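Step one of this worksheet: look at the structure below.
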Amino acid sequence: MSEHRFRSLAATRWRIAISLTIAMTAIYFGFILLIAYDKPLMGRLIVPGLSVGVLLGALVIVLSWVLTWIYVRWANTHYDAGLAEVRRGERDR
Amino acid sequence: MTIVQVAQAPTAAAPATRIGEPNVVAMVFFFVFIAITLAITYWAARRTRTTEEFYAAGRTITPGQNGFALAGDYMSAASFLGIAGLVSTTGFDGLIYSTGWLVGWPVVLFLIAEPLRNLGKYTFADVVATRLRQTPVRIAAAIGTLATVTFYLIAQMVGAGGLIRLMFGLSYETAIVIVGAAMLAYVLFGGMIATTWVQIVKAGLLLGGAFLLALLVLSKFGMNPIALFAAASERYGAAMLAPGKLVAAPLDAVSLGMALMFGTAGLPHILMRFYTVPDARAARTSVFYATGLIGFFYLLTFVLGFGAMVLVGPDAIKAVDKGGNMAAPLLAEALGGTPFLGFIAAVAFATILAVVAGLTLSGAAALSHDLWVNVIRHGEADSKEQLRVARGATVALGVVAVLLGILFKGQNVAYMVSLAFAIAASGNFPALVLSIFWKRCTTEGIVSSMVLGTVSTLVLIWLSPTIQVDILKHPGAWFPLKNPALVTIPLSFAVGVVVSLATRDEVALDRFAAAERRMHVGEA
C-alpha cells in the first residue's frame, strides 16, 4: 500500500515539475522570440512610456513568481502530506 | 511638470563627477563592511570544526537566511552595474538580461533543489555519483565545476580591479590583492558559516541600496515608473523602449537565453547552498524567497537603468566608462551627492567580494571533497585530514584567483560570465537532470555528457565571434553564435542519452529504486 502511494506521489511530483518547467520555458522563450521576430510589436506603445516589450518583460518576472508560488503551495500541502504518509507506512512495516 | 524639470538636468559629455578620486565616504563604508564581516568570520571560525560545518554551515541555516544568501551569491556586480549600464545606454535591450537572469530560478525549484538536498552531502557531484561509479563521475564533475568557477572568478576579479580603481582611486593590483585577502579570510577561517553571513549582509546592502536609489529616481517622476520611461523615450527616442541592436541575430538571443535559463541550475556555488539548510522542505522554501528577492532586484534595474539614462545621460555615462558600468554610481552621485556615491561604491565592492568568496568555497569543495577525498582517498579520510585539504585548496584557489585577476588586467572579460553560465548549463545541468530522473542512465553516458558539454562549450566559444572578432580582431568566425548554449545543451543531453543506451550499468539500475525513494523522502 505504501509502495503504491509512493509511486503515485513520485509520478505526480514529476508531472508537476515538468509541466511548470515547460510553462516557464514557454513564457521566457515566447518573450525572446517576440523580441527576435516581431520588434515592431514589442516597440508599440500601450500608453506613452509603456511599450509592449517593457510590459511583457515585467510580466515575465511576475509570472516567474506566480509559477514558483504555485509549486510551493502544491508541495507544502499535497506533496508534504503524501511524504508524511509514505514515512508512516515505512515505520509501520 | 516633473519631466520638464528633468529635461533641464545637466547632460554635458564630461559631467562634474568625483568618480575616480579617493572617496572618504566610500572608504568608511567599505571599512565598516570589512570590519563587520571579519567579526562575523571570527564568530564563525569558532563554530567551524567539522567538514559538515566547513562545507554546509552545519545544516543550520534557516530558509529565510538561505533565501538572502542565495540572492547574495547570485546578484553579482555584473547584474547590478552591468544591467543598469546596459539599460541606461541601450534602453530595452538591457532588460533581456534582467529577465533572463531570473527565469533560471523556477527551474532550480522545480527540478533541482529538493532532490539535490536529499541525495547529496556537499557538492552537486554527490548527487550525480549516487548511483554511478565514483571515480570517473567525480573527476568529470570537478572539471565542470572548476571550469565554471574559473571563468566566473576571472570576470569578478577583473571587474573588481577596474571598479575599485575607478571608484576609490586605488591601483588595480592593490584592489585585486585586497579582494583576494579578505575573501581568503572569510572562507579559510569561517567556512560556509562566514560565507553565508557575508552573502546575507551583502544581499541586504545591495537590495537596500538599489531600493533607495530607485525611490530617489521615482520621487522625481511622481512615483510613477511609466512617467520615467516616457521621459526616456521623449528625450532619446521611442526606440529606447523597443528591441534594438543587441538582438540583431535572433538565434543569438535564443542561445544567450538558454545559457542564462539553464545555467543557473548548474552553478556549483548556488547548488552548494542547498546543503546548508536542515531538509528538502527548507531548500524549497529558500528558493521561493530567493526568487522573490532576485525578481524584485531585477525590476529595480528597470528603474535604475532608465533613471540613469534620463538623469545622467548615456553620453555622460559612456564618457566615464565605455561599457556603461558606472551608470548606477553616477546616478547615485547625481541624486545623493558624494556620500551616496560612496555608499553605492562600497556596496558594489562588497558585492564582488561576497560572490568571489562563494565561488572559492565551491571550487575548494570540488578539489578537496570530490577529487582528494573521493577519488584519491576513495572516501577514506578522517575529518581532520578533510578539513586540512579543504583549507589548502582554498588558499591555492585564492592565490590562483589573484594571479588570474592580474594576468587578465585590461582584457575584455565581460563575456566570461555568460561563458560560465554556458558551461554550467551544458556541462553540469544535463548530467544532474539525467542522473536524478532517468533510471537507464549509465556512468559512461553521464561522464561523456559532462566532459563533452564542458569541452564543446569551450571550443565553440573559442571559435565564436566573441573571441575571434571582438578580441582577436579577425574578420570572421567559424562558428556563428556569440554564445554556444543553443548547440551545446542539446548536444550534452543527446550524448548522455545515446551513450547510456549503448552501454549497460547494472549497479545504476539496481540502485534506482532506493535513490528515487531517498530523493523524495530523504534519509530514513
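Here's how to read the names in the C-alpha cells: chain A, B, ... by the order shown, residue numbers from 1 in each chain, ligand numbers from 1 in the order shown.
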Open item on the list: So that I can see what lies close to Thr196 (chain B), please list as a PyMOL selection string the residues with an atom at most 10 Å from it, counting only C-alpha atoms and leaving out residues fewer than 3 positions away in the same chain.
Closed with: chain B and resi 56-57+61+65-66+68-70+72-73+186-187+190-193+199-202+273+276+354+357-358
Open item on the list: If the cut-off is 8 Å, can you tell me the residues of chain A near chain B, counting only C-alpha atoms? I'd like them as a ChimeraX atom specification.
Closed with: /A:10,17-18,20-21,24,28-29,32-33,35-37,39-40,42-44,48-51,53-54,57-58,60-62,64-65,67-69,71-72,76,83,86-87
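Using only C-alpha atoms, the nearest neighbour of Val52 (chain A) within the list A:Phe31, A:Val66, A:Glu90, A:Ala11 is A:Phe31.
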- [ ] From chain A, collect each residue whose DSSP state is alpha helix (DSSP H) and return the set as JSON, numbers by chain.
- [x] {"A": [2, 3, 4, 5, 6, 7, 8, 9, 10, 11, 12, 13, 14, 15, 16, 17, 18, 19, 20, 21, 22, 23, 24, 25, 26, 27, 28, 29, 30, 31, 32, 33, 34, 35, 36, 37, 39, 40, 41, 42, 43, 52, 53, 54, 55, 56, 57, 58, 59, 60, 61, 62, 63, 64, 65, 66, 67, 68, 69, 70, 71, 72, 73, 74, 80, 81, 82, 83, 84, 85, 86, 87, 88, 89, 90, 91, 92]}
Would you kindly return, as a tab-separated table (two decimals) with N, CA and C atoms, in the first residue's frame, each protein, DNA or RNA residue with an atom no farther than 12 Å from any atom of His4 (chain A), considering only C-alpha atoms and excluding same-chain residues fewer than 3 positions away?
```tsv
chain	number	residue	atom	x	y	z
A	1	MET	N	0.84	-1.20	0.00
A	1	MET	CA	0.00	0.00	0.00
A	1	MET	C	0.87	1.24	0.00
A	7	ARG	N	4.60	5.49	-5.34
A	7	ARG	CA	4.69	5.55	-6.81
A	7	ARG	C	3.83	6.67	-7.37
A	8	SER	N	2.61	6.78	-6.88
A	8	SER	CA	1.72	7.79	-7.44
A	8	SER	C	2.21	9.19	-7.03
A	9	LEU	N	2.78	9.31	-5.82
A	9	LEU	CA	3.29	10.61	-5.37
A	9	LEU	C	4.49	11.03	-6.23
A	10	ALA	N	5.42	10.08	-6.48
A	10	ALA	CA	6.60	10.39	-7.30
A	10	ALA	C	6.17	10.79	-8.70
A	11	ALA	N	5.17	10.07	-9.25
A	11	ALA	CA	4.70	10.38	-10.60
A	11	ALA	C	4.07	11.78	-10.65
A	82	GLY	N	1.66	13.76	1.44
A	82	GLY	CA	1.92	12.45	0.85
A	82	GLY	C	3.20	11.84	1.40
A	85	GLU	N	2.73	10.48	4.79
A	85	GLU	CA	2.02	9.19	4.74
A	85	GLU	C	2.99	8.05	4.40
A	86	VAL	N	3.86	8.31	3.40
A	86	VAL	CA	4.83	7.29	2.99
A	86	VAL	C	5.77	6.97	4.15
A	89	GLY	N	4.04	4.82	6.63
A	89	GLY	CA	3.94	3.47	6.09
A	89	GLY	C	5.23	2.69	6.29
```
Open item on the list: I'd like the interatomic distance between CA of Leu353 (chain B) and CA of Leu397 (chain B), to a tenth of an Å.
Closed with: 14.5 Å
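Residue nearest Ala280 (chain B) within the list B:Thr264, B:Asn118, B:Thr443, B:Gln468: B:Asn118 [criterion: smallest interatomic distance, only C-alpha atoms].
Proximity to region 304-309 of chain B at 7 Å, evaluated using only C-alpha atoms and with sequence-adjacent residues fewer than 3 positions away removed, yields Ala84, Gly85, Val87, Ser88, Thr89, Gly91, Ala214, Val217, Leu228, Phe229, Ala232, Leu300, Thr301, Val312, Gly313, Pro314, Ala327, Ala328 and Leu331 of chain B.
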- [ ] Could you tell me, as a PyMOL selection string, which residues of chain A DSSP assigns to strand (DSSP E or B) when given the backbone?
- [x] chain A and resi 45-47+50-51
- [ ] Could you give me, as a PyMOL selection string, the residues within 7 Å of region 473-488 of chain B, counting only C-alpha atoms and dropping anything in the same chain fewer than 5 positions from it?
- [x] chain B and resi 252+255-256+258-259+422+426+453+456-457+460-461+463-466+468
Give me a file of those residues, with N, CA and C atoms, as a PDB file, in the first residue's frame.
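In the end it all went to out.pdb:
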```pdb
ATOM      1  N   ASP B 252      21.081  34.304 -31.792  1.00  0.00           N
ATOM      2  CA  ASP B 252      21.952  34.739 -30.704  1.00  0.00           C
ATOM      3  C   ASP B 252      21.154  34.982 -29.431  1.00  0.00           C
ATOM      4  N   SER B 255      20.057  31.660 -27.958  1.00  0.00           N
ATOM      5  CA  SER B 255      21.182  30.934 -27.384  1.00  0.00           C
ATOM      6  C   SER B 255      21.602  31.535 -26.046  1.00  0.00           C
ATOM      7  N   LEU B 256      21.688  32.858 -25.991  1.00  0.00           N
ATOM      8  CA  LEU B 256      22.007  33.525 -24.732  1.00  0.00           C
ATOM      9  C   LEU B 256      20.937  33.217 -23.691  1.00  0.00           C
ATOM     10  N   MET B 258      19.067  30.575 -23.444  1.00  0.00           N
ATOM     11  CA  MET B 258      19.203  29.200 -22.944  1.00  0.00           C
ATOM     12  C   MET B 258      20.319  29.101 -21.915  1.00  0.00           C
ATOM     13  N   ALA B 259      21.445  29.794 -22.184  1.00  0.00           N
ATOM     14  CA  ALA B 259      22.568  29.759 -21.229  1.00  0.00           C
ATOM     15  C   ALA B 259      22.135  30.361 -19.897  1.00  0.00           C
ATOM     16  N   ALA B 422      27.169  29.266 -19.703  1.00  0.00           N
ATOM     17  CA  ALA B 422      27.058  28.277 -20.780  1.00  0.00           C
ATOM     18  C   ALA B 422      27.689  26.949 -20.363  1.00  0.00           C
ATOM     19  N   SER B 426      25.655  23.458 -19.928  1.00  0.00           N
ATOM     20  CA  SER B 426      25.925  22.334 -20.823  1.00  0.00           C
ATOM     21  C   SER B 426      26.702  21.223 -20.130  1.00  0.00           C
ATOM     22  N   GLY B 453      29.995  18.283 -22.805  1.00  0.00           N
ATOM     23  CA  GLY B 453      29.295  19.556 -22.608  1.00  0.00           C
ATOM     24  C   GLY B 453      30.269  20.671 -22.275  1.00  0.00           C
ATOM     25  N   SER B 456      32.934  21.099 -25.431  1.00  0.00           N
ATOM     26  CA  SER B 456      32.345  21.695 -26.635  1.00  0.00           C
ATOM     27  C   SER B 456      32.030  23.170 -26.399  1.00  0.00           C
ATOM     28  N   THR B 457      31.609  23.522 -25.178  1.00  0.00           N
ATOM     29  CA  THR B 457      31.349  24.932 -24.883  1.00  0.00           C
ATOM     30  C   THR B 457      32.628  25.750 -25.018  1.00  0.00           C
ATOM     31  N   LEU B 460      33.659  25.935 -28.794  1.00  0.00           N
ATOM     32  CA  LEU B 460      32.796  26.796 -29.615  1.00  0.00           C
ATOM     33  C   LEU B 460      32.912  28.271 -29.224  1.00  0.00           C
ATOM     34  N   ILE B 461      33.157  28.546 -27.928  1.00  0.00           N
ATOM     35  CA  ILE B 461      33.397  29.945 -27.535  1.00  0.00           C
ATOM     36  C   ILE B 461      34.652  30.465 -28.229  1.00  0.00           C
ATOM     37  N   LEU B 463      35.850  29.518 -31.040  1.00  0.00           N
ATOM     38  CA  LEU B 463      35.614  29.700 -32.479  1.00  0.00           C
ATOM     39  C   LEU B 463      34.543  30.747 -32.776  1.00  0.00           C
ATOM     40  N   SER B 464      33.943  31.334 -31.725  1.00  0.00           N
ATOM     41  CA  SER B 464      32.803  32.227 -31.937  1.00  0.00           C
ATOM     42  C   SER B 464      33.256  33.656 -32.203  1.00  0.00           C
ATOM     43  N   PRO B 465      32.351  34.497 -32.694  1.00  0.00           N
ATOM     44  CA  PRO B 465      32.701  35.907 -32.922  1.00  0.00           C
ATOM     45  C   PRO B 465      33.143  36.608 -31.640  1.00  0.00           C
ATOM     46  N   THR B 466      32.674  36.129 -30.468  1.00  0.00           N
ATOM     47  CA  THR B 466      33.066  36.750 -29.196  1.00  0.00           C
ATOM     48  C   THR B 466      34.586  36.821 -29.062  1.00  0.00           C
ATOM     49  N   GLN B 468      36.928  35.462 -31.702  1.00  0.00           N
ATOM     50  CA  GLN B 468      37.613  35.665 -32.979  1.00  0.00           C
ATOM     51  C   GLN B 468      37.496  37.098 -33.490  1.00  0.00           C
TER      52      GLN B 468
END
```
